Structure formats: structure tokens, C-alpha cells
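**Student:** For reference, this is protein25.pdb, and it has PDB, C-alpha atoms.
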```
ATOM      1  CA  MET F   1     145.055  22.029-201.391
ATOM      2  CA  ALA F   2     143.798  19.105-199.303
ATOM      3  CA  ASP F   3     146.159  16.265-198.375
ATOM      4  CA  LEU F   4     143.688  13.361-198.673
ATOM      5  CA  VAL F   5     146.118  10.824-197.207
ATOM      6  CA  ALA F   6     146.596  12.886-194.027
ATOM      7  CA  ILE F   7     142.883  13.727-193.807
ATOM      8  CA  ALA F   8     141.933  10.052-194.237
ATOM      9  CA  ARG F   9     144.365   9.016-191.505
ATOM     10  CA  GLN F  10     143.050  11.721-189.148
ATOM     11  CA  HIS F  11     139.398  10.778-189.645
ATOM     12  CA  LEU F  12     140.049   7.066-189.335
ATOM     13  CA  ASP F  13     141.744   7.738-185.985
ATOM     14  CA  LEU F  14     138.747   9.837-184.916
ATOM     15  CA  ALA F  15     136.278   7.146-186.018
ATOM     16  CA  ARG F  16     138.218   4.483-184.109
ATOM     17  CA  SER F  17     138.206   6.542-180.921
ATOM     18  CA  GLY F  18     134.597   7.763-181.212
ATOM     19  CA  ASP F  19     131.459   6.169-179.830
ATOM     20  CA  ASN F  20     129.671   5.767-183.166
ATOM     21  CA  GLY F  21     132.577   4.521-185.313
ATOM     22  CA  ARG F  22     132.290   7.452-187.710
ATOM     23  CA  SER F  23     134.006  10.712-188.554
ATOM     24  CA  ALA F  24     133.377  13.100-191.438
ATOM     25  CA  GLU F  25     134.429  16.461-192.803
ATOM     26  CA  LEU F  26     133.080  18.603-195.614
ATOM     27  CA  LEU F  27     136.147  19.513-197.691
ATOM     28  CA  VAL F  28     134.619  21.291-200.698
ATOM     29  CA  HIS F  29     131.435  23.361-200.798
ATOM     30  CA  ASP F  30     131.164  25.193-204.098
ATOM     31  CA  GLY F  31     127.625  26.020-205.184
ATOM     32  CA  VAL F  32     125.835  22.679-205.541
ATOM     33  CA  LEU F  33     129.069  20.652-205.369
ATOM     34  CA  ARG F  34     130.009  18.962-202.084
ATOM     35  CA  GLN F  35     132.971  16.699-201.355
ATOM     36  CA  SER F  36     133.212  15.035-197.972
ATOM     37  CA  VAL F  37     135.639  12.598-196.414
ATOM     38  CA  ILE F  38     133.856   9.958-194.343
ATOM     39  CA  ALA F  39     135.562   7.371-192.140
ATOM     40  CA  LEU F  40     133.748   4.287-190.840
ATOM     41  CA  THR F  41     135.084   1.532-188.628
ATOM     42  CA  ARG F  42     134.416  -2.082-189.597
ATOM     43  CA  GLY F  43     130.684  -2.824-189.367
ATOM     44  CA  SER F  44     129.671   0.842-189.026
ATOM     45  CA  GLU F  45     127.242   2.190-191.565
ATOM     46  CA  LEU F  46     125.555   5.199-192.996
ATOM     47  CA  GLY F  47     121.948   4.069-192.786
ATOM     48  CA  GLU F  48     119.667   4.025-195.787
ATOM     49  CA  HIS F  49     119.108   7.490-197.196
ATOM     50  CA  ASN F  50     117.941   9.251-200.358
ATOM     51  CA  SER F  51     120.411  10.049-203.102
ATOM     52  CA  PRO F  52     121.195  13.602-204.145
ATOM     53  CA  HIS F  53     120.872  14.646-207.805
ATOM     54  CA  ALA F  54     124.263  13.078-208.602
ATOM     55  CA  ALA F  55     126.898  11.354-206.481
ATOM     56  CA  SER F  56     130.017   9.234-206.567
ATOM     57  CA  LEU F  57     131.966   7.401-203.894
ATOM     58  CA  GLN F  58     135.738   6.793-204.063
ATOM     59  CA  VAL F  59     137.284   4.556-201.424
ATOM     60  CA  LEU F  60     140.625   5.864-200.174
ATOM     61  CA  VAL F  61     141.261   3.213-197.488
ATOM     62  CA  GLY F  62     139.596  -0.154-196.837
ATOM     63  CA  SER F  63     136.440  -1.559-198.401
ATOM     64  CA  VAL F  64     132.757  -0.645-198.201
ATOM     65  CA  GLU F  65     129.519  -2.145-199.454
ATOM     66  CA  VAL F  66     126.849   0.052-201.003
ATOM     67  CA  THR F  67     123.372  -1.476-200.747
ATOM     68  CA  GLY F  68     120.017  -0.368-202.114
ATOM     69  CA  GLN F  69     121.233  -0.196-205.665
ATOM     70  CA  PRO F  70     122.648  -3.406-206.988
ATOM     71  CA  ALA F  71     124.819  -4.243-203.948
ATOM     72  CA  THR F  72     128.344  -3.167-204.769
ATOM     73  CA  VAL F  73     131.618  -3.777-202.942
ATOM     74  CA  VAL F  74     134.004  -0.877-203.433
ATOM     75  CA  ASP F  75     137.644  -1.388-202.488
ATOM     76  CA  ALA F  76     140.444   1.141-201.933
ATOM     77  CA  GLY F  77     141.325   2.924-205.160
ATOM     78  CA  SER F  78     137.930   2.288-206.761
ATOM     79  CA  LEU F  79     135.246   4.774-207.731
ATOM     80  CA  VAL F  80     131.530   4.051-208.129
ATOM     81  CA  GLU F  81     128.688   6.210-209.358
ATOM     82  CA  LEU F  82     125.758   6.108-206.955
ATOM     83  CA  THR F  83     122.321   5.547-208.442
ATOM     84  CA  HIS F  84     119.250   7.605-207.624
ATOM     85  CA  GLU F  85     117.859   4.818-205.411
ATOM     86  CA  ARG F  86     117.855   4.899-201.616
ATOM     87  CA  HIS F  87     121.060   3.294-200.417
ATOM     88  CA  ALA F  88     123.258   2.615-197.399
ATOM     89  CA  VAL F  89     127.024   2.280-196.979
ATOM     90  CA  THR F  90     128.579  -0.315-194.643
ATOM     91  CA  ALA F  91     132.292  -0.626-193.854
ATOM     92  CA  ARG F  92     133.595  -4.146-194.515
ATOM     93  CA  GLU F  93     136.787  -3.076-192.716
ATOM     94  CA  ASP F  94     138.008   0.216-191.277
ATOM     95  CA  SER F  95     137.502   2.501-194.274
ATOM     96  CA  VAL F  96     137.632   6.060-195.546
ATOM     97  CA  PHE F  97     135.913   7.339-198.674
ATOM     98  CA  LEU F  98     135.477  10.559-200.585
ATOM     99  CA  LEU F  99     131.819  11.290-201.271
ATOM    100  CA  THR F 100     131.135  13.737-204.097
ATOM    101  CA  THR F 101     127.579  15.042-204.464
ATOM    102  CA  VAL F 102     125.593  17.547-206.459
ATOM    103  CA  THR F 103     122.849  18.646-204.105
ATOM    104  CA  GLY F 104     120.542  20.665-206.325
ATOM    105  CA  LEU F 105     120.371  23.353-208.917
ATOM    106  CA  GLU F 106     121.691  26.877-208.575
ATOM    107  CA  PRO F 107     118.886  29.496-208.454
ATOM    108  CA  GLU F 108     119.811  30.856-211.915
ATOM    109  CA  GLN F 109     119.527  27.324-213.382
ATOM    110  CA  VAL F 110     116.049  26.946-211.885
ATOM    111  CA  ALA F 111     114.966  30.303-213.333
ATOM    112  CA  ARG F 112     116.196  29.278-216.796
ATOM    113  CA  GLY F 113     114.768  25.748-216.420
TER     114      GLY F 113
END
```
What would the structure in this file look like if it were written as C-alpha cells?
**Tutor:**
Amino acid sequence: MADLVAIARQHLDLARSGDNGRSAELLVHDGVLRQSVIALTRGSELGEHNSPHAASLQVLVGSVEVTGQPATVVDAGSLVELTHERHAVTAREDSVFLLTTVTGLEPEQVARG
């Protein structure tokens, strides 16, 4: 079982001491499901990128802005569904979030498709 509070604290410390203001770890990889903890220092961003099949972002610490879909500010304790549009994430303050994604279809789902 993952201790998200401890993991968030660890990655925020790593982001603060790193050159790029970021730190991340893949916590869950089960078939097409991925859950990652991502820490960004204030002003750091994940540049614009394509969305996976489905995704959500839950802020554990701080506040981030998601752009590229209707711009959305997401504060600690909040969860937002990400649209299928290209988007970016910028830290409004030192922040940590849990990113949940579905990256594709399992081979047996494609065969049945």
C-alpha cells in the first residue's frame, strides 16, 4: 500500500533540489491503468502533450493550472477529469498531483473490438 503523503513529500523535496523543478514516480502499472505521482515547483510545467484515452488529475499538495482544455485551476484535495484535447500543466505553487491514465486497450479488447 502506498503512503501518498510520504511519497508526495519525498517527490516535492526532489523537485525542489533538482535542476528542472520536477520529480515523478509511476506507482501503479496494471494493464492499461497507470497512476503516477508528479511534483512540480512553482512555475514548472509539463509542456503541452496529447491526452491518453482517459485521464484524471488529483492535486495532493498545492495548486496547478491545466491549460488546453478550458483552463482549469485545481487546488489541493480536488480532482479533475482531463479532456481529450492537448493540454499542459503548470504549478501555481509547489505542488504534487496524482495522475491516473488509461493508456490504451488490452490486446484481447482489440481482438473483440
**Student:** Just say which residues the PyMOL selection byres ((chain F and resi 25) around 9) picks in this file, as a list in words.
**Tutor:**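 Listing what the PyMOL selection byres ((chain F and resi 25) around 9) selects in the shown file: Ile7, His11, Ser23, Ala24, Leu26, Leu27, Gln35, Ser36, Val37 and Ile38 of chain F.
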**Student:** For CA of Gly21 (chain F) and CA of Ser44 (chain F), quote the distance in Å rounded to one decimal.
**Tutor:**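 It comes out at 6.0 Å.
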**Student:** Using the chain letters and numbers from the file, which residues does the PyMOL selection byres ((chain F and resi 88) around 6) grab, as a VMD selection string?
**Tutor:** chain F and resid 46 to 48 66 to 67 87 89
**Student:** Considering all atoms listed in the file, state which residue in the set F:Thr101, F:Ser78, F:Thr90, F:Thr41 is at the smallest distance from Arg16 (chain F).
**Tutor:**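 Comparing F:Thr101, F:Ser78, F:Thr90, F:Thr41 against Arg16 (chain F), the winner is F:Thr41.
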**Student:** With distances taken over all atoms listed in the file, which of F:Leu82, F:Met1, F:Ala6, F:Leu12 is nearest to Val102 (chain F)?
**Tutor:** F:Leu82
**Student:** Specify as a PyMOL selection string each residue included when the PyMOL selection byres ((chain F and resi 54) around 9) is applied to this file.
**Tutor:** chain F and resi 51-53+55-56+81-84+100-104
**Student:** Pick the closest to Gly68 (chain F) from F:Ser95, F:Asn50, F:Asn20, F:Gln10: which is it, counting only C-alpha atoms?
**Tutor:**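 Among F:Ser95, F:Asn50, F:Asn20, F:Gln10, it is F:Asn50 that comes nearest to Gly68 (chain F).
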**Student:** What's around Gln58 (chain F) at 7 Å? Count all atoms listed in the file, leave out sequence neighbours fewer than 6 positions away in its own chain, and write the answer as a ChimeraX atom specification.
**Tutor:** /F:77-80,97-99
**Student:** Please indicate the distance in Å from CA of Gly18 (chain F) to CA of Arg92 (chain F), rounded to one decimal place.
**Tutor:**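 Distance between the two atoms: 17.9 Å.
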**Student:** Taking all atoms of region 10-26 of chain F that the file lists and extending 8 Å past them on each side, where is the centre of the axis-aligned box and how long are its edges? Answer in Å to one decimal, as AutoDock Vina command-line options.
**Tutor:**
```
--center_x 136.4 --center_y 11.5 --center_z -187.7 --size_x 29.4 --size_y 30.1 --size_z 31.8
```
**Student:** Using CA of Val64 (chain F) and CA of Asp3 (chain F) as the two end points, give the distance in Å to one decimal.
**Tutor:**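 Between CA of Val64 (chain F) and CA of Asp3 (chain F) the gap is 21.6 Å.
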**Student:** Considering only C-alpha atoms, state which residue in the set F:Val96, F:Ala91, F:Val28, F:Leu33 is at the smallest distance from Val59 (chain F).
**Tutor:**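 Counting only C-alpha atoms, the residue closest to Val59 (chain F) is F:Val96.
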